[in-house]
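Novice: Below is the structure I would like to discuss, written out as structure tokens.
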Amino acid sequence: VAATAETALRRGLLLRSRFALEGAQLLCVGDHDLTSLAATLVSPGLQAVVVDIDERMLAYIDDAARRLGLPVHCYFADLRLGLPEAVRGRADLAFTDPPYTPEGVESFLRRGLEGLAEPQRGRLLLAYGASETTPALTAKTQSRLSAMGLVTEALWPDFNRYLGAEAIGAASDMYVLRPTARTPQAARGSGGKARVYSRGANAAEAAG
């Protein structure tokens with residue numbers, strides 16, 4: 001489900017208040033919520049790159065950016081396979097609101113790491129939520145972050161609000177993650193067959 005327009009704006013304002021964005025590049029690993037448009041609207045010196053598998057969403061973002069004169073560039077990719085070559089190793093910051101399975105979070109964060117120009121100086125922003133009744137799932141996801149050598153530099157509970165997603169209270173937390181020397185560079189193509197979603201044929205629980 002999509003985040004609210006206010007949430008996209010809050011994300012943009014958070015980026016502007018926390019980071020020096022003049023001349024910086026933001027990589028959006030998936031952008032169903034139009035965070036790229038909001039961020040570049042409030043920070044004119046920021047450039048954004050969007051990588052997504054949804055061609056209709058990419059076309060919408062591309063058209064809106066052109067109409068508004070925003071420096072947002074779109075690329076098609078299956079994020080389970082890797083980033084397009086033109087996107088790898090270029091960004092200062094990466095943002096993702098991934099599938100909320102441990103596999104989905106790890107896979108999308110690895111794509112964000114692939115996109116950072118200097119991983120140990122960059123930051124990953126992660127929107128992640130889980131039901132109050134499944135703390136073990138949150139613990140499992142957070143253990144993945146630790147195993148990747150990512151430090152939780154900041155966390156804002158219920159920062160993101162959604163048009164739906166009642167199972168997680170229509171909200172998710174915002175993490176700012178800092179890579180360390182222990183954070184591995186993800187190999188291109190890793191996770192290509194990962195079942196990263198919570199429902200459907202590509203769910204972690206799906207047979208075959």
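Chain lettering (A, B, ...) mirrors the order of the structure tokens, residue numbering begins at 1 for each chain separately, and ligand numbering begins at 1 in order of display.
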Within 10 Å of Thr141 in chain A, counting only C-alpha atoms, which residues qualify if same-chain residues fewer than 4 places away don't, as an NGL selection string?
Specialist: :A and (100-106 or 128 or 130 or 135-137 or 145-147)
Novice: Write out as a VMD selection string all residues of range 123-199 of chain A that DSSP puts in strand (DSSP E or B) for this structure's backbone.
Specialist: chain A and resid 123 to 128 150 to 162 171 to 179 197
Novice: One decimal, in Å: what's the spacing between CA of Leu58 in chain A and CA of Phe76 in chain A?
Specialist: 7.5 Å
Novice: Might you pull out every residue within 6 Å of Ala3 in chain A, with only C-alpha atoms counted and same-chain residues fewer than 2 positions away left off, and present them as a PyMOL selection string?
Specialist: chain A and resi 33+161-163
Novice: Include N, CA, C and O atoms and write out the residues we just selected as a short mmCIF file (atom, residue, chain, number, x, y, z; two decimals), in the first residue's frame.
Specialist:
data_model
loop_
_atom_site.label_atom_id
_atom_site.label_comp_id
_atom_site.auth_asym_id
_atom_site.auth_seq_id
_atom_site.Cartn_x
_atom_site.Cartn_y
_atom_site.Cartn_z
N ASP A 33 5.87 5.38 -3.26
CA ASP A 33 5.31 6.49 -2.48
C ASP A 33 5.73 7.86 -3.00
O ASP A 33 5.39 8.88 -2.37
N ARG A 161 3.18 6.88 7.57
CA ARG A 161 1.77 6.52 7.64
C ARG A 161 1.29 6.08 6.27
O ARG A 161 1.74 6.59 5.25
N TYR A 162 0.34 5.13 6.25
CA TYR A 162 -0.07 4.49 5.01
C TYR A 162 -1.58 4.56 4.81
O TYR A 162 -2.34 4.64 5.77
N LEU A 163 -1.98 4.47 3.55
CA LEU A 163 -3.39 4.42 3.18
C LEU A 163 -3.83 2.96 3.19
O LEU A 163 -4.00 2.32 2.15
#
Novice: Between A:Arg66, A:Pro179, A:Val51, A:Arg56, which one has atoms that come closest to Leu83 in chain A, using only C-alpha atoms?
Specialist: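 Of A:Arg66, A:Pro179, A:Val51, A:Arg56, the one nearest Leu83 in chain A, counting only C-alpha atoms, is A:Val51.
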Novice: Can you list, as number ranges by chain, all residues belonging to chain A that DSSP tags as alpha helix (DSSP H)?
Specialist: A: 5-18, 35-42, 55-68, 102-115, 135-147
Novice: Pull C-alpha atoms from the residues just selected and write them as an mmCIF file, in the first residue's frame.
Specialist:
data_model
loop_
_atom_site.group_PDB
_atom_site.id
_atom_site.type_symbol
_atom_site.label_atom_id
_atom_site.label_comp_id
_atom_site.auth_asym_id
_atom_site.auth_seq_id
_atom_site.Cartn_x
_atom_site.Cartn_y
_atom_site.Cartn_z
ATOM 1 C CA ALA A 5 1.410 12.350 0.685
ATOM 2 C CA GLU A 6 2.228 13.906 4.062
ATOM 3 C CA THR A 7 4.610 11.010 4.757
ATOM 4 C CA ALA A 8 6.454 11.554 1.466
ATOM 5 C CA LEU A 9 6.821 15.230 2.382
ATOM 6 C CA ARG A 10 8.046 14.377 5.902
ATOM 7 C CA ARG A 11 10.663 12.080 4.397
ATOM 8 C CA GLY A 12 11.887 14.896 2.178
ATOM 9 C CA LEU A 13 12.048 17.310 5.094
ATOM 10 C CA LEU A 14 13.880 14.745 7.232
ATOM 11 C CA LEU A 15 16.528 14.350 4.545
ATOM 12 C CA ARG A 16 16.888 18.119 4.254
ATOM 13 C CA SER A 17 17.211 18.646 7.999
ATOM 14 C CA ARG A 18 19.680 15.808 8.629
ATOM 15 C CA THR A 35 9.579 10.019 -2.119
ATOM 16 C CA SER A 36 11.929 11.071 -4.919
ATOM 17 C CA LEU A 37 9.558 13.829 -6.046
ATOM 18 C CA ALA A 38 8.945 15.113 -2.510
ATOM 19 C CA ALA A 39 12.657 15.127 -1.637
ATOM 20 C CA THR A 40 13.716 17.052 -4.747
ATOM 21 C CA LEU A 41 10.830 19.494 -4.359
ATOM 22 C CA VAL A 42 11.980 20.582 -0.889
ATOM 23 C CA GLU A 55 6.890 0.482 -15.346
ATOM 24 C CA ARG A 56 3.666 2.421 -14.800
ATOM 25 C CA MET A 57 5.065 3.988 -11.635
ATOM 26 C CA LEU A 58 8.326 4.845 -13.391
ATOM 27 C CA ALA A 59 6.405 6.485 -16.235
ATOM 28 C CA TYR A 60 4.360 8.509 -13.757
ATOM 29 C CA ILE A 61 7.441 9.689 -11.844
ATOM 30 C CA ASP A 62 9.282 10.517 -15.068
ATOM 31 C CA ASP A 63 6.337 12.555 -16.368
ATOM 32 C CA ALA A 64 5.819 14.385 -13.063
ATOM 33 C CA ALA A 65 9.521 15.206 -12.763
ATOM 34 C CA ARG A 66 9.553 16.592 -16.293
ATOM 35 C CA ARG A 67 6.465 18.753 -15.657
ATOM 36 C CA LEU A 68 7.859 20.064 -12.373
ATOM 37 C CA PRO A 102 13.458 -10.217 6.769
ATOM 38 C CA GLU A 103 14.424 -11.448 3.287
ATOM 39 C CA GLY A 104 12.831 -8.434 1.619
ATOM 40 C CA VAL A 105 14.457 -5.920 3.937
ATOM 41 C CA GLU A 106 17.907 -7.463 3.496
ATOM 42 C CA SER A 107 17.589 -7.754 -0.284
ATOM 43 C CA PHE A 108 16.511 -4.143 -0.780
ATOM 44 C CA LEU A 109 19.136 -2.819 1.634
ATOM 45 C CA ARG A 110 21.796 -4.691 -0.319
ATOM 46 C CA ARG A 111 20.625 -2.915 -3.452
ATOM 47 C CA GLY A 112 20.947 0.373 -1.582
ATOM 48 C CA LEU A 113 24.489 -0.525 -0.556
ATOM 49 C CA GLU A 114 25.330 -1.318 -4.186
ATOM 50 C CA GLY A 115 24.229 2.167 -5.117
ATOM 51 C CA PRO A 135 7.847 -8.801 17.962
ATOM 52 C CA ALA A 136 9.825 -11.896 16.993
ATOM 53 C CA LEU A 137 9.576 -10.851 13.330
ATOM 54 C CA THR A 138 11.017 -7.428 14.165
ATOM 55 C CA ALA A 139 13.795 -9.080 16.157
ATOM 56 C CA LYS A 140 14.600 -11.343 13.212
ATOM 57 C CA THR A 141 14.726 -8.385 10.838
ATOM 58 C CA GLN A 142 16.897 -6.353 13.189
ATOM 59 C CA SER A 143 19.266 -9.300 13.522
ATOM 60 C CA ARG A 144 19.675 -9.169 9.749
ATOM 61 C CA LEU A 145 20.704 -5.516 10.030
ATOM 62 C CA SER A 146 23.266 -6.428 12.682
ATOM 63 C CA ALA A 147 24.603 -9.323 10.606
#
Novice: Can you measure CA of Met148 in chain A to CA of Leu124 in chain A for me? One decimal in Å is fine.
Specialist: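 Separation between CA of Met148 in chain A and CA of Leu124 in chain A: 12.3 Å.
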Novice: For range 166-169 of chain A, please output as a PyMOL selection string all residues within 7 Å (counting only C-alpha atoms; exclusion window: fewer than 2 positions along the same chain).
Specialist: chain A and resi 129-131+164+171
